[in-house]
>>> print(open('upload.cif').read())   # mmCIF, C-alpha atoms
data_input
loop_
_atom_site.label_atom_id
_atom_site.label_comp_id
_atom_site.auth_asym_id
_atom_site.auth_seq_id
_atom_site.Cartn_x
_atom_site.Cartn_y
_atom_site.Cartn_z
CA MET A 284 13.62 114.19 -62.97
CA SER A 285 16.45 116.60 -62.26
CA SER A 286 14.11 118.79 -60.22
CA ILE A 287 13.07 115.76 -58.15
CA ARG A 288 16.71 114.86 -57.53
CA ALA A 289 17.42 118.44 -56.45
CA LEU A 290 14.44 118.38 -54.09
CA LEU A 291 15.54 115.11 -52.53
CA ALA A 292 19.10 116.39 -52.12
CA ALA A 293 17.84 119.55 -50.40
CA LEU A 294 15.62 117.48 -48.12
CA ALA A 295 18.56 115.25 -47.15
CA VAL A 296 20.66 118.29 -46.26
CA ALA A 297 17.81 119.75 -44.22
CA LEU A 298 17.33 116.52 -42.30
CA SER A 299 21.06 116.25 -41.54
CA VAL A 300 21.16 119.80 -40.21
CA ALA A 301 17.86 119.73 -38.30
CA PRO A 302 19.14 117.83 -35.23
CA ALA A 303 21.79 120.47 -34.66
CA ILE A 304 19.36 123.38 -34.83
CA GLY A 305 18.51 124.57 -31.32
CA GLN A 306 20.88 122.11 -29.67
CA ALA A 307 23.60 124.18 -28.04
CA PRO A 308 26.37 122.25 -26.25
CA TYR A 309 25.38 121.26 -22.72
CA PRO A 310 25.58 123.09 -20.39
CA ASP A 311 24.89 126.45 -21.97
CA LYS A 312 23.18 128.11 -18.99
CA PRO A 313 23.68 128.32 -15.20
CA VAL A 314 23.31 125.14 -13.14
CA ARG A 315 22.18 124.88 -9.52
CA PHE A 316 22.74 122.27 -6.84
CA ILE A 317 19.84 122.21 -4.39
CA VAL A 318 20.79 121.24 -0.83
CA GLY A 319 18.16 120.22 1.70
CA PHE A 320 20.02 121.65 4.68
CA THR A 321 21.20 125.02 5.97
CA PRO A 322 24.46 126.74 5.04
CA GLY A 323 27.42 125.37 6.99
CA SER A 324 26.03 121.83 7.27
CA ALA A 325 28.11 118.92 6.01
CA THR A 326 25.76 118.57 3.04
CA ASP A 327 26.16 122.25 2.19
CA ILE A 328 29.94 122.34 2.58
CA THR A 329 30.49 119.34 0.33
CA ALA A 330 27.99 120.59 -2.25
CA ARG A 331 29.87 123.88 -2.54
CA LEU A 332 33.16 122.07 -3.04
CA PHE A 333 31.74 120.07 -5.95
CA ALA A 334 29.81 123.02 -7.38
CA GLN A 335 33.03 125.02 -7.61
CA LYS A 336 34.78 122.23 -9.50
CA PHE A 337 31.81 121.76 -11.84
CA ALA A 338 31.79 125.49 -12.61
CA GLU A 339 35.50 125.44 -13.43
CA ALA A 340 35.13 122.45 -15.74
CA TRP A 341 31.88 123.46 -17.43
CA ASN A 342 32.59 127.19 -17.68
CA VAL A 343 29.10 128.15 -16.49
CA PRO A 344 27.95 129.35 -13.05
CA VAL A 345 27.13 126.42 -10.75
CA THR A 346 25.49 127.67 -7.58
CA VAL A 347 24.24 126.07 -4.37
CA GLU A 348 20.69 126.81 -3.26
CA ASN A 349 19.74 125.88 0.30
CA VAL A 350 16.17 124.60 0.67
CA PRO A 351 16.10 123.15 4.21
CA GLY A 352 13.28 121.27 5.88
CA ALA A 353 11.95 117.78 6.68
CA GLY A 354 15.38 116.20 6.95
CA GLY A 355 16.34 117.22 3.42
CA SER A 356 13.09 116.18 1.78
CA VAL A 357 11.89 119.71 1.00
CA GLY A 358 14.94 120.20 -1.20
CA GLY A 359 14.42 116.79 -2.80
CA ASP A 360 10.83 117.68 -3.57
CA ARG A 361 11.96 120.93 -5.22
CA VAL A 362 14.28 118.98 -7.53
CA ALA A 363 11.71 116.27 -8.26
CA LYS A 364 9.35 118.96 -9.53
CA SER A 365 11.98 120.89 -11.52
CA ALA A 366 12.35 120.80 -15.29
CA PRO A 367 14.48 117.80 -16.38
CA ASP A 368 16.76 119.94 -18.49
CA GLY A 369 20.11 119.55 -16.71
CA THR A 370 19.97 122.90 -14.92
CA THR A 371 18.89 121.51 -11.52
CA PHE A 372 20.50 118.77 -9.43
CA TYR A 373 19.95 117.56 -5.88
CA TRP A 374 23.01 117.16 -3.67
CA GLY A 375 21.44 114.72 -1.27
CA ALA A 376 22.28 112.55 1.70
CA ASN A 377 21.02 109.05 2.36
CA GLY A 378 18.71 110.19 5.17
CA ALA A 379 16.46 112.04 2.74
CA LEU A 380 16.82 109.48 -0.01
CA THR A 381 16.53 106.15 1.83
CA ILE A 382 15.17 106.75 5.35
CA ASN A 383 12.59 109.50 4.89
CA PRO A 384 10.53 107.54 2.33
CA THR A 385 9.51 105.19 5.15
CA LEU A 386 9.81 107.53 8.13
CA GLN A 387 7.52 110.23 6.73
CA ALA A 388 3.81 109.45 6.78
CA ASN A 389 2.99 111.28 3.54
CA PRO A 390 6.04 111.84 1.34
CA THR A 391 5.50 114.54 -1.28
CA TYR A 392 7.50 112.69 -3.92
CA ASP A 393 8.78 109.21 -4.67
CA VAL A 394 12.58 108.99 -4.63
CA VAL A 395 12.77 106.06 -7.05
CA ARG A 396 10.11 107.36 -9.44
CA ASP A 397 10.77 111.12 -9.37
CA LEU A 398 14.56 111.39 -9.13
CA ALA A 399 17.27 110.05 -11.43
CA PRO A 400 20.55 108.83 -9.86
CA VAL A 401 23.72 110.51 -11.12
CA ALA A 402 26.54 109.44 -8.77
CA ARG A 403 27.29 108.47 -5.17
CA LEU A 404 30.52 110.17 -4.13
CA LEU A 405 31.06 110.39 -0.37
CA ILE A 406 30.79 107.93 2.50
CA VAL A 407 30.82 108.88 6.17
CA PRO A 408 30.82 106.10 8.75
CA SER A 409 29.72 106.84 12.27
CA ILE A 410 31.93 106.27 15.27
CA ILE A 411 30.51 104.53 18.31
CA ALA A 412 32.07 106.27 21.30
CA VAL A 413 31.57 106.13 25.05
CA ASN A 414 32.21 108.33 28.03
CA ASN A 415 35.74 107.77 29.31
CA ASP A 416 34.47 106.49 32.68
CA VAL A 417 32.62 103.61 31.03
CA LEU A 418 34.55 100.42 31.75
CA ALA A 419 34.09 98.96 28.26
CA LYS A 420 37.15 99.06 26.02
CA SER A 421 35.45 97.28 23.12
CA LEU A 422 32.00 96.91 21.61
CA ALA A 423 31.73 93.39 23.02
CA GLU A 424 32.45 94.67 26.51
CA LEU A 425 29.92 97.48 26.06
CA PHE A 426 27.19 95.04 25.11
CA ALA A 427 28.09 92.81 28.05
CA LEU A 428 27.50 95.81 30.31
CA ALA A 429 24.22 96.56 28.56
CA LYS A 430 22.98 93.00 29.00
CA ALA A 431 23.89 93.09 32.67
CA GLN A 432 21.97 96.37 33.12
CA PRO A 433 18.95 96.38 30.78
CA GLY A 434 17.63 99.89 30.17
CA LYS A 435 20.39 101.54 32.23
CA LEU A 436 22.73 102.57 29.43
CA SER A 437 21.83 105.28 26.93
CA TYR A 438 22.99 106.54 23.55
CA ALA A 439 22.76 110.03 22.08
CA SER A 440 21.95 110.74 18.43
CA PRO A 441 21.49 113.96 16.43
CA GLY A 442 17.71 113.36 16.44
CA VAL A 443 14.84 111.00 15.72
CA GLY A 444 15.06 109.48 12.27
CA THR A 445 18.65 110.49 11.60
CA PRO A 446 20.95 107.84 10.14
CA GLN A 447 22.71 107.60 13.51
CA HIS A 448 19.43 106.93 15.33
CA ILE A 449 18.40 104.26 12.84
CA ALA A 450 21.89 102.72 13.01
CA GLY A 451 21.64 102.59 16.80
CA GLU A 452 18.34 100.74 16.61
CA LEU A 453 19.75 98.25 14.12
CA LEU A 454 22.73 97.64 16.38
CA LYS A 455 20.52 97.18 19.45
CA SER A 456 18.40 94.68 17.55
CA GLN A 457 21.34 92.63 16.34
CA ALA A 458 23.06 92.69 19.74
CA GLY A 459 19.87 91.95 21.66
CA VAL A 460 20.41 94.79 24.14
CA ASP A 461 18.17 97.42 25.72
CA ILE A 462 19.89 100.81 25.45
CA VAL A 463 17.81 103.98 25.75
CA HIS A 464 17.83 106.42 22.83
CA VAL A 465 18.31 110.09 23.74
CA PRO A 466 17.72 112.39 20.74
CA TYR A 467 19.37 115.81 20.58
CA ARG A 468 19.09 118.82 18.31
CA GLY A 469 22.48 120.15 19.32
CA ALA A 470 25.26 119.78 21.89
CA VAL A 471 25.20 116.00 21.54
CA PHE A 472 28.70 115.55 22.90
CA THR A 473 28.42 117.69 26.02
CA ASP A 474 26.25 115.23 27.91
CA VAL A 475 28.23 112.20 26.76
CA ILE A 476 31.52 113.79 27.80
CA GLY A 477 29.92 114.78 31.09
CA GLY A 478 28.65 111.27 31.72
CA ARG A 479 24.93 112.05 31.66
CA VAL A 480 24.60 109.81 28.57
CA THR A 481 26.65 106.62 28.21
CA MET A 482 27.54 106.70 24.53
CA THR A 483 26.83 108.16 21.12
CA LEU A 484 26.78 107.27 17.45
CA GLN A 485 27.84 110.25 15.41
CA ASN A 486 29.19 110.73 11.92
CA MET A 487 32.95 110.81 11.72
CA GLY A 488 33.17 114.35 10.43
CA ALA A 489 31.58 115.66 13.64
CA ILE A 490 33.04 113.35 16.28
CA LEU A 491 36.55 112.62 14.99
CA PRO A 492 38.26 115.61 16.68
CA ILE A 493 36.69 114.72 20.03
CA VAL A 494 37.86 111.11 19.79
CA ARG A 495 41.31 112.19 18.64
CA GLU A 496 41.57 114.55 21.62
CA GLY A 497 40.64 111.73 24.00
CA ARG A 498 37.50 113.37 25.33
CA LEU A 499 35.48 110.30 24.25
CA ARG A 500 36.69 106.73 23.73
CA GLY A 501 36.02 105.41 20.21
CA LEU A 502 35.06 101.73 20.10
CA ALA A 503 34.17 101.01 16.47
CA VAL A 504 33.22 102.43 13.09
CA THR A 505 29.98 101.51 11.32
CA SER A 506 31.39 100.95 7.81
CA LEU A 507 32.02 97.49 6.37
CA ASN A 508 35.74 98.19 6.18
CA ARG A 509 38.02 100.18 8.44
CA SER A 510 38.16 103.86 7.64
CA THR A 511 41.31 105.18 6.04
CA ILE A 512 40.92 108.24 8.25
CA ILE A 513 41.00 106.43 11.62
CA PRO A 514 42.19 102.90 10.74
CA GLU A 515 42.98 101.98 14.34
CA LEU A 516 39.28 101.60 15.14
CA PRO A 517 37.76 98.18 14.31
CA THR A 518 34.51 97.86 12.41
CA VAL A 519 31.27 96.63 13.95
CA VAL A 520 31.72 93.59 11.68
CA GLU A 521 35.08 92.84 13.32
CA SER A 522 33.37 93.24 16.68
CA GLY A 523 31.15 90.25 16.00
CA PHE A 524 28.29 91.44 13.75
CA PRO A 525 28.75 90.08 10.21
CA GLY A 526 27.48 92.33 7.45
CA PHE A 527 26.72 95.29 9.70
CA GLU A 528 26.92 98.57 7.82
CA ALA A 529 25.31 101.88 8.75
CA ILE A 530 26.91 104.80 6.99
CA SER A 531 25.89 108.23 5.80
CA TRP A 532 26.52 108.95 2.14
CA PHE A 533 26.18 111.83 -0.27
CA GLY A 534 25.38 111.83 -3.94
CA LEU A 535 24.00 113.72 -6.91
CA MET A 536 20.48 113.27 -8.27
CA ALA A 537 18.53 114.87 -11.12
CA PRO A 538 14.81 115.18 -11.90
CA ALA A 539 13.39 112.04 -13.46
CA GLY A 540 13.27 112.36 -17.22
CA THR A 541 16.57 114.19 -17.50
CA PRO A 542 18.07 113.06 -20.84
CA ALA A 543 20.57 110.22 -20.60
CA PRO A 544 23.43 112.20 -22.20
CA ILE A 545 23.09 114.88 -19.52
CA ILE A 546 23.05 112.28 -16.74
CA ALA A 547 26.14 110.67 -18.26
CA LYS A 548 28.02 113.96 -18.53
CA ALA A 549 27.14 115.03 -14.97
CA SER A 550 28.09 111.61 -13.62
CA ALA A 551 31.43 111.61 -15.43
CA GLN A 552 32.18 115.10 -14.13
CA ALA A 553 31.25 114.17 -10.56
CA LEU A 554 33.49 111.10 -10.65
CA ALA A 555 36.31 113.20 -12.09
CA VAL A 556 35.97 115.74 -9.27
CA VAL A 557 36.04 113.11 -6.52
CA ALA A 558 39.31 111.75 -7.99
CA MET A 559 41.09 115.12 -7.81
CA PRO A 560 43.91 115.03 -5.21
CA ASP A 561 43.06 118.45 -3.74
CA VAL A 562 39.41 117.46 -3.38
CA ARG A 563 40.27 114.14 -1.76
CA ASP A 564 42.64 115.88 0.69
CA LYS A 565 39.97 118.40 1.64
CA LEU A 566 37.35 115.71 2.09
CA ALA A 567 39.68 113.63 4.27
CA GLN A 568 40.20 116.67 6.51
CA LEU A 569 36.42 116.83 6.89
CA GLY A 570 36.17 113.13 7.75
CA PHE A 571 34.83 111.82 4.43
CA ASP A 572 35.84 108.67 2.60
CA THR A 573 35.19 108.74 -1.15
CA THR A 574 33.50 106.34 -3.53
CA LYS A 575 32.79 106.32 -7.26
CA ASP A 576 29.35 104.83 -7.90
CA GLY A 577 27.68 105.75 -11.18
CA PRO A 578 23.95 105.95 -11.98
CA ASP A 579 23.22 102.22 -12.12
CA ALA A 580 25.14 101.44 -8.92
CA LEU A 581 23.48 104.32 -7.07
CA ALA A 582 20.02 103.23 -8.23
CA ALA A 583 20.65 99.75 -6.80
CA ILE A 584 22.01 101.19 -3.53
CA ILE A 585 18.96 103.42 -3.06
CA LYS A 586 16.49 100.58 -3.59
CA ALA A 587 18.40 98.24 -1.26
CA ASP A 588 18.80 100.87 1.45
CA ILE A 589 15.13 101.87 1.38
CA ALA A 590 14.16 98.23 2.00
CA LYS A 591 16.85 97.79 4.69
CA TRP A 592 15.93 100.87 6.70
CA ALA A 593 12.18 100.36 6.26
CA LYS A 594 12.48 97.11 8.20
CA VAL A 595 14.47 98.75 11.01
CA ILE A 596 12.02 101.66 11.26
CA LYS A 597 9.00 99.37 11.35
CA ASP A 598 10.53 96.86 13.77
CA ALA A 599 11.54 99.65 16.18
CA ASN A 600 8.23 101.50 15.64
CA ILE A 601 10.02 104.78 14.93
CA LYS A 602 7.77 107.74 14.09
CA ALA A 603 8.90 111.03 12.55
CA GLY A 604 7.24 113.04 15.31
CA ASP A 605 8.75 111.06 18.23
#
>>> encode(input="upload.cif", output="structure tokens")
Amino acid sequence: MSSIRALLAALAVALSVAPAIGQAPYPDKPVRFIVGFTPGSATDITARLFAQKFAEAWNVPVTVENVPGAGGSVGGDRVAKSAPDGTTFYWGANGALTINPTLQANPTYDVVRDLAPVARLLIVPSIIAVNNDVLAKSLAELFALAKAQPGKLSYASPGVGTPQHIAGELLKSQAGVDIVHVPYRGAVFTDVIGGRVTMTLQNMGAILPIVREGRLRGLAVTSLNRSTIIPELPTVVESGFPGFEAISWFGLMAPAGTPAPIIAKASAQALAVVAMPDVRDKLAQLGFDTTKDGPDALAAIIKADIAKWAKVIKDANIKAGD
């Protein structure tokens, strides 16, 4: 009997120790943030800011790896197919996560199925701005001009399928106006400033200095609420379009199947970083508003945005190769 008791006691000790064997504190190895755009892009710059803060807090190297292509989807695919062990995250923008799933004919991965939301952290509204010679001083006046001259006005975007292009099509649909889309791959502002294109929708980080300098006239921002960065501009909602929102946003994703404790730790760290005063100051200088949406909130946002933008893309018959 005593030998049985001793055996049972030894077994109990072994079972209590077993979970700890091979389970080093996370993270215990280098971590990488994959970015779907080139170095120097807004996605890259913000990813490096957060990676630095993660490295300082976690005491492991946290590097940024640029995997550009297909509007950010090549990088997303790389993460979706990575081991779900907490060593790989995707620093992604809403274009790749909520527009590309509909825009691309044959997506190589499913955002909802293959990626796990961690946190949404940054919001960037676009500014609707016109050439200074355009008579309109408000969005209502601009649309009055457009209705009086169907097909005569034009708007520039950073390219087909970008959030600014899709936002422009949503706005045209709600306003019932015919404004010609002019996609660019660069030098968007030159032709608008020169008057060859009437207007543009561009994210605040890129266009804010030009509006501040008076080279283009800002009419409205595309967020639900006024931006804290340029509060003098009204929203599209205030301009007569209830519920209109068309923003760019950035967040952190992990491969599906990443253990819940790792997701929770990464999310908590991301939300802690975005609350740091020096980080918020730097982001404001770059034109970013901040938000603090955890995994559940981000999952709901992604699903809602995919449905929202799918309707706009289908209604406007937008194709990735256009």
>>> residues_around(input="upload.cif", residues="Gly459 of chain A", least_positions_apart="3", cutoff="12 Å", atoms="only C-alpha atoms", output="PyMOL selection string")
chain A and resi 426-427+429-431+433-434+451-456+462+524
>>> atom_distance(input="upload.cif", atom1="atom CA of Ile545 of chain A", atom2="atom CA of Pro390 of chain A")
27.1 Å
>>> atom_distance(input="upload.cif", atom1="atom CA of Pro344 of chain A", atom2="atom CA of Ala325 of chain A")
21.7 Å
>>> closest_atom_pairs(input="upload.cif", of="segment 521-568 of chain A", to="segment 379-383 of chain A", cutoff="12 Å", atoms="only C-alpha atoms", output="JSON lines")
{"residue": "A:Ala529", "atom": "CA", "partner": "A:Ile382", "partner_atom": "CA", "distance": 11.8}
{"residue": "A:Ile530", "atom": "CA", "partner": "A:Thr381", "partner_atom": "CA", "distance": 11.7}
{"residue": "A:Ser531", "atom": "CA", "partner": "A:Thr381", "partner_atom": "CA", "distance": 10.4}
{"residue": "A:Trp532", "atom": "CA", "partner": "A:Leu380", "partner_atom": "CA", "distance": 9.9}
{"residue": "A:Phe533", "atom": "CA", "partner": "A:Leu380", "partner_atom": "CA", "distance": 9.7}
{"residue": "A:Gly534", "atom": "CA", "partner": "A:Leu380", "partner_atom": "CA", "distance": 9.7}
{"residue": "A:Leu535", "atom": "CA", "partner": "A:Leu380", "partner_atom": "CA", "distance": 10.8}
{"residue": "A:Met536", "atom": "CA", "partner": "A:Leu380", "partner_atom": "CA", "distance": 9.8}
>>> closest_residue(input="upload.cif", among="A:Val395, A:Ala334, A:Ala537, A:Val463", to="Gln432 of chain A", atoms="all atoms listed in the file")
A:Val463
>>> residues_around(input="upload.cif", residues="Ile493 of chain A", least_positions_apart="4", cutoff="12 Å", atoms="only C-alpha atoms", output="list in words")
Ile410, Ala412, Val413, Asn414, Asn415, Val471, Phe472, Thr473, Val475, Ile476, Thr483, Gln485, Asn486, Met487, Gly488, Ala489, Gly497, Arg498, Leu499, Arg500 and Gly501 of chain A
>>> closest_residue(input="upload.cif", among="A:Ser506, A:Asn349, A:Gln387, A:Thr321", to="Ala593 of chain A", atoms="only C-alpha atoms")
A:Gln387
>>> residues_around(input="upload.cif", residues="Ile546 of chain A", least_positions_apart="2", cutoff="12 Å", atoms="only C-alpha atoms", output="number ranges by chain")
A: 309-310, 367-372, 398-402, 535-544, 548-553, 577-579
>>> closest_residue(input="upload.cif", among="A:Leu386, A:Ala558, A:Val350, A:Ile512", to="Ile449 of chain A", atoms="all atoms listed in the file")
A:Leu386
>>> atom_distance(input="upload.cif", atom1="atom CA of Val314 of chain A", atom2="atom CA of Thr326 of chain A")
17.6 Å
>>> axis_aligned_box(input="upload.cif", around="segment 518-525 of chain A", padding_each_side="5 Å", output="JSON")
{"center_x": 31.7, "center_y": 94.0, "center_z": 13.4, "size_x": 16.8, "size_y": 17.8, "size_z": 16.5}
>>> resolve_selection(input="upload.cif", expression="the PyMOL selection byres ((chain A and resi 336-339) around 10)", output="PDB file with C-alpha atoms, in the frame of the given file")
ATOM      1  CA  PRO A 313      23.680 128.320 -15.200  1.00  0.00           C
ATOM      2  CA  VAL A 314      23.310 125.140 -13.140  1.00  0.00           C
ATOM      3  CA  ARG A 331      29.870 123.880  -2.540  1.00  0.00           C
ATOM      4  CA  LEU A 332      33.160 122.070  -3.040  1.00  0.00           C
ATOM      5  CA  PHE A 333      31.740 120.070  -5.950  1.00  0.00           C
ATOM      6  CA  ALA A 334      29.810 123.020  -7.380  1.00  0.00           C
ATOM      7  CA  GLN A 335      33.030 125.020  -7.610  1.00  0.00           C
ATOM      8  CA  ALA A 340      35.130 122.450 -15.740  1.00  0.00           C
ATOM      9  CA  TRP A 341      31.880 123.460 -17.430  1.00  0.00           C
ATOM     10  CA  ASN A 342      32.590 127.190 -17.680  1.00  0.00           C
ATOM     11  CA  VAL A 343      29.100 128.150 -16.490  1.00  0.00           C
ATOM     12  CA  PRO A 344      27.950 129.350 -13.050  1.00  0.00           C
ATOM     13  CA  VAL A 345      27.130 126.420 -10.750  1.00  0.00           C
ATOM     14  CA  THR A 346      25.490 127.670  -7.580  1.00  0.00           C
ATOM     15  CA  ALA A 549      27.140 115.030 -14.970  1.00  0.00           C
ATOM     16  CA  GLN A 552      32.180 115.100 -14.130  1.00  0.00           C
ATOM     17  CA  ALA A 553      31.250 114.170 -10.560  1.00  0.00           C
ATOM     18  CA  ALA A 555      36.310 113.200 -12.090  1.00  0.00           C
ATOM     19  CA  VAL A 556      35.970 115.740  -9.270  1.00  0.00           C
ATOM     20  CA  VAL A 557      36.040 113.110  -6.520  1.00  0.00           C
ATOM     21  CA  MET A 559      41.090 115.120  -7.810  1.00  0.00           C
ATOM     22  CA  VAL A 562      39.410 117.460  -3.380  1.00  0.00           C
TER      23      VAL A 562
END
>>> resolve_selection(input="upload.cif", expression="the PyMOL selection byres ((chain A and resi 585) around 10)", output="short mmCIF file (atom, residue, chain, number, x, y, z; two decimals) with C-alpha atoms, keeping the file's coordinate frame")
data_model
loop_
_atom_site.label_atom_id
_atom_site.label_comp_id
_atom_site.auth_asym_id
_atom_site.auth_seq_id
_atom_site.Cartn_x
_atom_site.Cartn_y
_atom_site.Cartn_z
CA ASN A 377 21.02 109.05 2.36
CA LEU A 380 16.82 109.48 -0.01
CA THR A 381 16.53 106.15 1.83
CA ILE A 382 15.17 106.75 5.35
CA VAL A 394 12.58 108.99 -4.63
CA VAL A 395 12.77 106.06 -7.05
CA PRO A 400 20.55 108.83 -9.86
CA ARG A 403 27.29 108.47 -5.17
CA ALA A 580 25.14 101.44 -8.92
CA LEU A 581 23.48 104.32 -7.07
CA ALA A 582 20.02 103.23 -8.23
CA ALA A 583 20.65 99.75 -6.80
CA ILE A 584 22.01 101.19 -3.53
CA LYS A 586 16.49 100.58 -3.59
CA ALA A 587 18.40 98.24 -1.26
CA ASP A 588 18.80 100.87 1.45
CA ILE A 589 15.13 101.87 1.38
CA ALA A 590 14.16 98.23 2.00
CA LYS A 591 16.85 97.79 4.69
#
>>> closest_residue(input="upload.cif", among="A:Val494, A:Val465, A:Ile317, A:Ala603", to="Ser365 of chain A", atoms="all atoms listed in the file")
A:Ile317
>>> resolve_selection(input="upload.cif", expression="the PyMOL selection byres ((chain A and resi 516) around 12)", output="PyMOL selection string")
chain A and resi 408-412+420-422+487+491+494-495+500-506+508-515+517-522
>>> closest_residue(input="upload.cif", among="A:Ile406, A:Ala450, A:Thr573, A:Ala376", to="Pro560 of chain A", atoms="only C-alpha atoms")
A:Thr573
>>> residues_near_point(input="upload.cif", point="(21.4, 113.7, 27.7)", cutoff="12 Å", atoms="only C-alpha atoms", output="list of chain:residue names")
A:Leu436, A:Ser437, A:Tyr438, A:Ala439, A:Ser440, A:Pro441, A:Gly442, A:Val463, A:His464, A:Val465, A:Pro466, A:Tyr467, A:Arg468, A:Gly469, A:Ala470, A:Val471, A:Phe472, A:Thr473, A:Asp474, A:Val475, A:Ile476, A:Gly477, A:Gly478, A:Arg479, A:Val480, A:Thr481, A:Met482, A:Thr483
>>> write_last_selection(input="upload.cif", atoms="C-alpha atoms", output="PDB file, in the coordinates of the input")
ATOM      1  CA  LEU A 436      22.730 102.570  29.430  1.00  0.00           C
ATOM      2  CA  SER A 437      21.830 105.280  26.930  1.00  0.00           C
ATOM      3  CA  TYR A 438      22.990 106.540  23.550  1.00  0.00           C
ATOM      4  CA  ALA A 439      22.760 110.030  22.080  1.00  0.00           C
ATOM      5  CA  SER A 440      21.950 110.740  18.430  1.00  0.00           C
ATOM      6  CA  PRO A 441      21.490 113.960  16.430  1.00  0.00           C
ATOM      7  CA  GLY A 442      17.710 113.360  16.440  1.00  0.00           C
ATOM      8  CA  VAL A 463      17.810 103.980  25.750  1.00  0.00           C
ATOM      9  CA  HIS A 464      17.830 106.420  22.830  1.00  0.00           C
ATOM     10  CA  VAL A 465      18.310 110.090  23.740  1.00  0.00           C
ATOM     11  CA  PRO A 466      17.720 112.390  20.740  1.00  0.00           C
ATOM     12  CA  TYR A 467      19.370 115.810  20.580  1.00  0.00           C
ATOM     13  CA  ARG A 468      19.090 118.820  18.310  1.00  0.00           C
ATOM     14  CA  GLY A 469      22.480 120.150  19.320  1.00  0.00           C
ATOM     15  CA  ALA A 470      25.260 119.780  21.890  1.00  0.00           C
ATOM     16  CA  VAL A 471      25.200 116.000  21.540  1.00  0.00           C
ATOM     17  CA  PHE A 472      28.700 115.550  22.900  1.00  0.00           C
ATOM     18  CA  THR A 473      28.420 117.690  26.020  1.00  0.00           C
ATOM     19  CA  ASP A 474      26.250 115.230  27.910  1.00  0.00           C
ATOM     20  CA  VAL A 475      28.230 112.200  26.760  1.00  0.00           C
ATOM     21  CA  ILE A 476      31.520 113.790  27.800  1.00  0.00           C
ATOM     22  CA  GLY A 477      29.920 114.780  31.090  1.00  0.00           C
ATOM     23  CA  GLY A 478      28.650 111.270  31.720  1.00  0.00           C
ATOM     24  CA  ARG A 479      24.930 112.050  31.660  1.00  0.00           C
ATOM     25  CA  VAL A 480      24.600 109.810  28.570  1.00  0.00           C
ATOM     26  CA  THR A 481      26.650 106.620  28.210  1.00  0.00           C
ATOM     27  CA  MET A 482      27.540 106.700  24.530  1.00  0.00           C
ATOM     28  CA  THR A 483      26.830 108.160  21.120  1.00  0.00           C
TER      29      THR A 483
END
>>> closest_residue(input="upload.cif", among="A:Trp374, A:Leu484, A:Thr329, A:Asp360", to="Arg315 of chain A", atoms="all atoms listed in the file")
A:Trp374
